[in-house]
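Notes to accompany the following structure.
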Amino acid sequence: MNSWKDFFLEVSKKDYSKTLHQFLDEEYKNYTIYPPRELMFNAFNLTSVENIKVVIIGQDPYHEPGQAMGLSFSVPSTTKTPPSLINIFKELENDLGLKMRNDGDLTYLAKQGVFLINAYLSVRKGEPLSHRRPEYDLFMADLMEYLNKLDQPIVFMLWGNFAKKYEKILTNPEHLILKSVHPSPLGANHGGWFNLHQFSRCNEYLKAHNVKPIDWQN
């Protein structure tokens, strides 16, 4: 059962929902937009509310062909692994002693309860942040407030200043917040990403709350 129904019912009553829907209708009609529209809510479809254990916030989808699949940081197996994801895999190897495969499809994590959500769910081809709109900001704030009220153990991984701005909404003392710089080469290679052991800390927290830890191995 995937019970996002209550959340989307509330969202559908908001003014921004209608204007965002109209905007997307026009954009998908007139431009090449990523991800394909049927994958826009992939993160919600793959990770039910009840199963959420970890939340990882991305900014907006990849904007080149064949990359975006509705999950933050994830690309299809047939696509070259992007630099940020390479750094995520490197830190997983450092932290947990894994040997990650060169496969950027993170569906296996989404199915385990890792909610891989982009703040902006769509983008024009070749134009990063082209869908940076106030409606998406309102949607994301509502989403974070909804997640904050859940009483199950959840780890929020806030990577980079863009994700950290949601920390003020995340006040639930039952949840764990882990912060770092963004894993992009621009951020990670200047310190503040590697050797923070976020993934092992996440799993320790889950185990301490009697929740099955994430198997990060791809």
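We label chains A, B, ... in the order they appear in the structure tokens, count residues from 1 in each chain, and number ligands from 1 in the order shown.
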
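Shell of Ala43 of chain A at 8 Å, with only C-alpha atoms counted and residues fewer than 2 places along the chain excluded, is A:Met40, A:Phe41, A:Asn45, A:Leu46, A:Thr47, A:Gly70, A:Leu71, A:Ala110, A:Phe115, A:Leu116, A:Ile117.
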
Any chance you can output those residues with C-alpha atoms as a compact mmCIF listing (two decimals), in the first residue's frame?
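The resulting file, result39.txt, is reproduced below:
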# COMPACT_ATOMS: atom_id res chain seq x y z
CA MET A 40 7.86 12.75 -12.33
CA PHE A 41 6.49 11.10 -9.19
CA ASN A 45 5.59 5.58 -6.35
CA LEU A 46 8.64 3.57 -5.26
CA THR A 47 8.75 4.62 -1.59
CA GLY A 70 12.37 10.86 -11.02
CA LEU A 71 14.80 9.90 -8.24
CA ALA A 110 14.05 3.65 -3.12
CA PHE A 115 13.08 8.64 -0.39
CA LEU A 116 15.10 10.23 -3.21
CA ILE A 117 13.31 13.51 -3.83

Next on the checklist: To test your reading of the structure, identify every residue in segment 62-212 of chain A that backbone DSSP assigns to strand (DSSP E), and report it as a list in words.
Outcome noted: Val114, Phe115, Leu116, Ile117, Asn118, Val123, Arg124, Val155, Phe156, Met157, Leu158, Trp159, Leu176, Ile177, Leu178, Lys179 and Ser180 of chain A

Write to file, as an mmCIF file, in the first residue's frame, the residues of the selection just made, with N, CA, C and O atoms.
data_model
loop_
_atom_site.group_PDB
_atom_site.id
_atom_site.type_symbol
_atom_site.label_atom_id
_atom_site.label_comp_id
_atom_site.auth_asym_id
_atom_site.auth_seq_id
_atom_site.Cartn_x
_atom_site.Cartn_y
_atom_site.Cartn_z
ATOM 1 N N VAL A 114 14.496 4.546 1.000
ATOM 2 C CA VAL A 114 15.268 5.781 0.830
ATOM 3 C C VAL A 114 14.488 6.670 -0.141
ATOM 4 O O VAL A 114 14.388 6.360 -1.326
ATOM 5 N N PHE A 115 13.927 7.735 0.387
ATOM 6 C CA PHE A 115 13.081 8.644 -0.392
ATOM 7 C C PHE A 115 13.987 9.657 -1.098
ATOM 8 O O PHE A 115 14.542 10.560 -0.477
ATOM 9 N N LEU A 116 14.155 9.453 -2.400
ATOM 10 C CA LEU A 116 15.099 10.233 -3.212
ATOM 11 C C LEU A 116 14.331 11.319 -3.958
ATOM 12 O O LEU A 116 13.860 11.118 -5.077
ATOM 13 N N ILE A 117 14.210 12.495 -3.312
ATOM 14 C CA ILE A 117 13.309 13.507 -3.829
ATOM 15 C C ILE A 117 14.069 14.754 -4.301
ATOM 16 O O ILE A 117 14.954 15.245 -3.602
ATOM 17 N N ASN A 118 13.746 15.228 -5.486
ATOM 18 C CA ASN A 118 14.247 16.516 -5.950
ATOM 19 C C ASN A 118 13.267 17.609 -5.549
ATOM 20 O O ASN A 118 12.045 17.412 -5.600
ATOM 21 N N VAL A 123 12.586 19.741 -15.331
ATOM 22 C CA VAL A 123 13.569 20.685 -15.868
ATOM 23 C C VAL A 123 13.512 20.645 -17.392
ATOM 24 O O VAL A 123 13.213 19.601 -17.981
ATOM 25 N N ARG A 124 13.789 21.781 -18.027
ATOM 26 C CA ARG A 124 13.910 21.787 -19.485
ATOM 27 C C ARG A 124 15.245 21.189 -19.899
ATOM 28 O O ARG A 124 16.254 21.355 -19.223
ATOM 29 N N VAL A 155 15.916 9.306 8.874
ATOM 30 C CA VAL A 155 17.183 10.032 8.767
ATOM 31 C C VAL A 155 17.082 10.991 7.574
ATOM 32 O O VAL A 155 16.811 10.558 6.448
ATOM 33 N N PHE A 156 17.279 12.270 7.832
ATOM 34 C CA PHE A 156 17.317 13.269 6.759
ATOM 35 C C PHE A 156 18.772 13.576 6.440
ATOM 36 O O PHE A 156 19.520 14.027 7.321
ATOM 37 N N MET A 157 19.163 13.313 5.200
ATOM 38 C CA MET A 157 20.516 13.637 4.759
ATOM 39 C C MET A 157 20.455 14.926 3.954
ATOM 40 O O MET A 157 19.921 14.951 2.843
ATOM 41 N N LEU A 158 20.980 15.993 4.550
ATOM 42 C CA LEU A 158 20.920 17.318 3.934
ATOM 43 C C LEU A 158 22.297 17.644 3.357
ATOM 44 O O LEU A 158 23.232 17.976 4.098
ATOM 45 N N TRP A 159 22.392 17.550 2.049
ATOM 46 C CA TRP A 159 23.674 17.716 1.364
ATOM 47 C C TRP A 159 23.711 19.052 0.624
ATOM 48 O O TRP A 159 22.974 19.254 -0.337
ATOM 49 N N LEU A 176 16.633 11.963 12.795
ATOM 50 C CA LEU A 176 18.057 12.289 12.796
ATOM 51 C C LEU A 176 18.384 13.124 11.560
ATOM 52 O O LEU A 176 17.974 12.782 10.445
ATOM 53 N N ILE A 177 19.116 14.229 11.769
ATOM 54 C CA ILE A 177 19.540 15.063 10.650
ATOM 55 C C ILE A 177 21.051 14.953 10.499
ATOM 56 O O ILE A 177 21.803 15.175 11.458
ATOM 57 N N LEU A 178 21.496 14.581 9.301
ATOM 58 C CA LEU A 178 22.919 14.511 8.975
ATOM 59 C C LEU A 178 23.206 15.527 7.879
ATOM 60 O O LEU A 178 22.548 15.519 6.839
ATOM 61 N N LYS A 179 24.200 16.388 8.113
ATOM 62 C CA LYS A 179 24.483 17.469 7.161
ATOM 63 C C LYS A 179 25.902 17.376 6.626
ATOM 64 O O LYS A 179 26.824 16.969 7.348
ATOM 65 N N SER A 180 26.046 17.788 5.371
ATOM 66 C CA SER A 180 27.378 17.857 4.761
ATOM 67 C C SER A 180 27.325 18.825 3.590
ATOM 68 O O SER A 180 26.257 19.324 3.237
#

Next on the checklist: What's the separation between atom CA of Asp137 of chain A and atom CA of Tyr16 of chain A, in Å to one decimal place?
Outcome noted: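 One can read the atom CA of Asp137 of chain A to atom CA of Tyr16 of chain A distance as 9.7 Å.
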
Item to check | Shell of 12 Å around Val75 of chain A, only C-alpha atoms, local chain residues under 4 positions omitted, as a PyMOL selection string | outcome: chain A and resi 34-35+61-71+79-86+102-107+116

Export, as a CSV table (one decimal), in the first residue's frame, the selected residues with C-alpha atoms.
chain,number,residue,atom,x,y,z
A,34,TYR,CA,13.0,15.8,-18.0
A,35,PRO,CA,12.1,13.4,-16.6
A,61,PRO,CA,16.6,16.6,-12.3
A,62,TYR,CA,19.5,15.9,-14.6
A,63,HIS,CA,18.9,18.0,-17.7
A,64,GLU,CA,20.6,15.9,-20.4
A,65,PRO,CA,18.9,13.1,-22.4
A,66,GLY,CA,18.5,9.7,-20.8
A,67,GLN,CA,19.5,10.7,-17.3
A,68,ALA,CA,16.5,11.9,-15.2
A,69,MET,CA,14.3,9.1,-13.8
A,70,GLY,CA,12.4,10.9,-11.0
A,71,LEU,CA,14.8,9.9,-8.2
A,79,THR,CA,23.8,5.9,-18.5
A,80,LYS,CA,27.2,7.1,-17.5
A,81,THR,CA,27.4,7.7,-13.7
A,82,PRO,CA,27.4,11.4,-13.0
A,83,PRO,CA,30.2,13.0,-10.9
A,84,SER,CA,28.1,13.6,-7.7
A,85,LEU,CA,27.0,10.0,-7.7
A,86,ILE,CA,30.5,8.9,-8.2
A,102,ASN,CA,29.4,1.3,-11.9
A,103,ASP,CA,25.6,1.4,-12.1
A,104,GLY,CA,23.8,4.7,-11.2
A,105,ASP,CA,20.3,3.3,-10.9
A,106,LEU,CA,19.2,3.9,-7.3
A,107,THR,CA,15.8,2.2,-7.5
A,116,LEU,CA,15.1,10.2,-3.2

Item to check | Minimum-distance residue to Ile88 of chain A, chosen among A:Tyr108, A:Phe139, A:Phe44, A:Phe73 (using only C-alpha atoms) | outcome: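 Comparing A:Tyr108, A:Phe139, A:Phe44, A:Phe73 against Ile88 of chain A, the winner is A:Phe73.
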
Next on the checklist: I'd like to know which residues of segment 3-151 of chain A are helix (DSSP H, G or I) (by DSSP, run on the backbone); could you write them as a PyMOL selection string?
Outcome noted: chain A and resi 5-12+15-30+37-39+42-46+49-51+83-96+107-110+134-148

Next on the checklist: Give me the residues near Tyr166 of chain A as a list in words, where near means some atom within 9 Å (using only C-alpha atoms) and where sequence neighbours in that chain fewer than 5 positions away do not count.
Outcome noted: Met140, Ala141, Met144 and Leu158 of chain A

Dump as a PDB file, in the first residue's frame, selection limited to C-alpha atoms:
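Result file is part.pdb:
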ATOM      1  CA  MET A 140       8.493  21.141  -1.035  1.00  0.00           C
ATOM      2  CA  ALA A 141       7.773  23.043   2.189  1.00  0.00           C
ATOM      3  CA  MET A 144       8.878  18.507   4.472  1.00  0.00           C
ATOM      4  CA  LEU A 158      20.920  17.318   3.934  1.00  0.00           C
TER       5      LEU A 158
END

Checklist entry - If we count only C-alpha atoms, what is near Gln112 of chain A at a cut-off of 10 Å, once residues fewer than 5 positions away on the same chain are taken out, given as number ranges by chain? => result A: 46-48, 51-54, 107, 212-216

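Across the structure, atom CA of Phe162 of chain A and atom CA of Gln59 of chain A are spaced 7.0 Å apart.
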
Next on the checklist: Show me, as an MDAnalysis selection string, the residues that have an atom within 9 Å of segment 28-33 of chain A when counting only C-alpha atoms, minus same-chain residues fewer than 3 positions from it.
Outcome noted: chainID A and resid 23:25 36:37 63 122:125

Those same residues, written as a PDB file, in the first residue's frame with N, CA, C and O atoms?
ATOM      1  N   PHE A  23       1.275  25.117 -15.625  1.00  0.00           N
ATOM      2  CA  PHE A  23       2.634  25.389 -16.105  1.00  0.00           C
ATOM      3  C   PHE A  23       3.242  24.131 -16.723  1.00  0.00           C
ATOM      4  O   PHE A  23       3.815  24.168 -17.819  1.00  0.00           O
ATOM      5  N   LEU A  24       3.111  23.009 -16.039  1.00  0.00           N
ATOM      6  CA  LEU A  24       3.707  21.761 -16.526  1.00  0.00           C
ATOM      7  C   LEU A  24       3.031  21.283 -17.808  1.00  0.00           C
ATOM      8  O   LEU A  24       3.706  20.775 -18.713  1.00  0.00           O
ATOM      9  N   ASP A  25       1.720  21.448 -17.899  1.00  0.00           N
ATOM     10  CA  ASP A  25       1.023  21.092 -19.138  1.00  0.00           C
ATOM     11  C   ASP A  25       1.625  21.835 -20.328  1.00  0.00           C
ATOM     12  O   ASP A  25       1.892  21.243 -21.384  1.00  0.00           O
ATOM     13  N   PRO A  36      10.671  12.158 -18.141  1.00  0.00           N
ATOM     14  CA  PRO A  36       9.390  11.936 -18.805  1.00  0.00           C
ATOM     15  C   PRO A  36       8.258  12.093 -17.782  1.00  0.00           C
ATOM     16  O   PRO A  36       8.436  11.744 -16.607  1.00  0.00           O
ATOM     17  N   ARG A  37       7.143  12.633 -18.204  1.00  0.00           N
ATOM     18  CA  ARG A  37       6.108  13.003 -17.243  1.00  0.00           C
ATOM     19  C   ARG A  37       5.638  11.821 -16.392  1.00  0.00           C
ATOM     20  O   ARG A  37       5.321  11.992 -15.206  1.00  0.00           O
ATOM     21  N   HIS A  63      19.561  17.289 -16.614  1.00  0.00           N
ATOM     22  CA  HIS A  63      18.929  17.992 -17.741  1.00  0.00           C
ATOM     23  C   HIS A  63      19.435  17.545 -19.107  1.00  0.00           C
ATOM     24  O   HIS A  63      19.189  18.199 -20.115  1.00  0.00           O
ATOM     25  N   SER A 122      11.035  18.760 -12.169  1.00  0.00           N
ATOM     26  CA  SER A 122      11.142  18.783 -13.634  1.00  0.00           C
ATOM     27  C   SER A 122      12.151  19.837 -14.065  1.00  0.00           C
ATOM     28  O   SER A 122      12.514  20.727 -13.290  1.00  0.00           O
ATOM     29  N   VAL A 123      12.586  19.741 -15.331  1.00  0.00           N
ATOM     30  CA  VAL A 123      13.569  20.685 -15.868  1.00  0.00           C
ATOM     31  C   VAL A 123      13.512  20.645 -17.392  1.00  0.00           C
ATOM     32  O   VAL A 123      13.213  19.601 -17.981  1.00  0.00           O
ATOM     33  N   ARG A 124      13.789  21.781 -18.027  1.00  0.00           N
ATOM     34  CA  ARG A 124      13.910  21.787 -19.485  1.00  0.00           C
ATOM     35  C   ARG A 124      15.245  21.189 -19.899  1.00  0.00           C
ATOM     36  O   ARG A 124      16.254  21.355 -19.223  1.00  0.00           O
ATOM     37  N   LYS A 125      15.235  20.517 -21.033  1.00  0.00           N
ATOM     38  CA  LYS A 125      16.467  19.945 -21.584  1.00  0.00           C
ATOM     39  C   LYS A 125      17.554  21.024 -21.679  1.00  0.00           C
ATOM     40  O   LYS A 125      17.334  22.097 -22.239  1.00  0.00           O
TER      41      LYS A 125
END

Checklist entry - From the list A:Val181, A:Leu196, A:Leu109, A:Leu186, which residue is nearest Asn161 of chain A when using only C-alpha atoms? => result A:Val181

Checklist entry - If we count only C-alpha atoms, what is near Lys14 of chain A at a cut-off of 12 Å, once residues fewer than 6 positions away on the same chain are taken out, given as a count of residues only? => result 9

Item to check | Selected residue, from A:Asn87, A:Met100, A:Tyr205, A:Ala119, that lies nearest to His182 of chain A when counting only C-alpha atoms | outcome: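 Closest candidate: A:Asn87.
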
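Interatomic distance, atom CA of Glu174 of chain A to atom CA of Pro153 of chain A: 6.2 Å.
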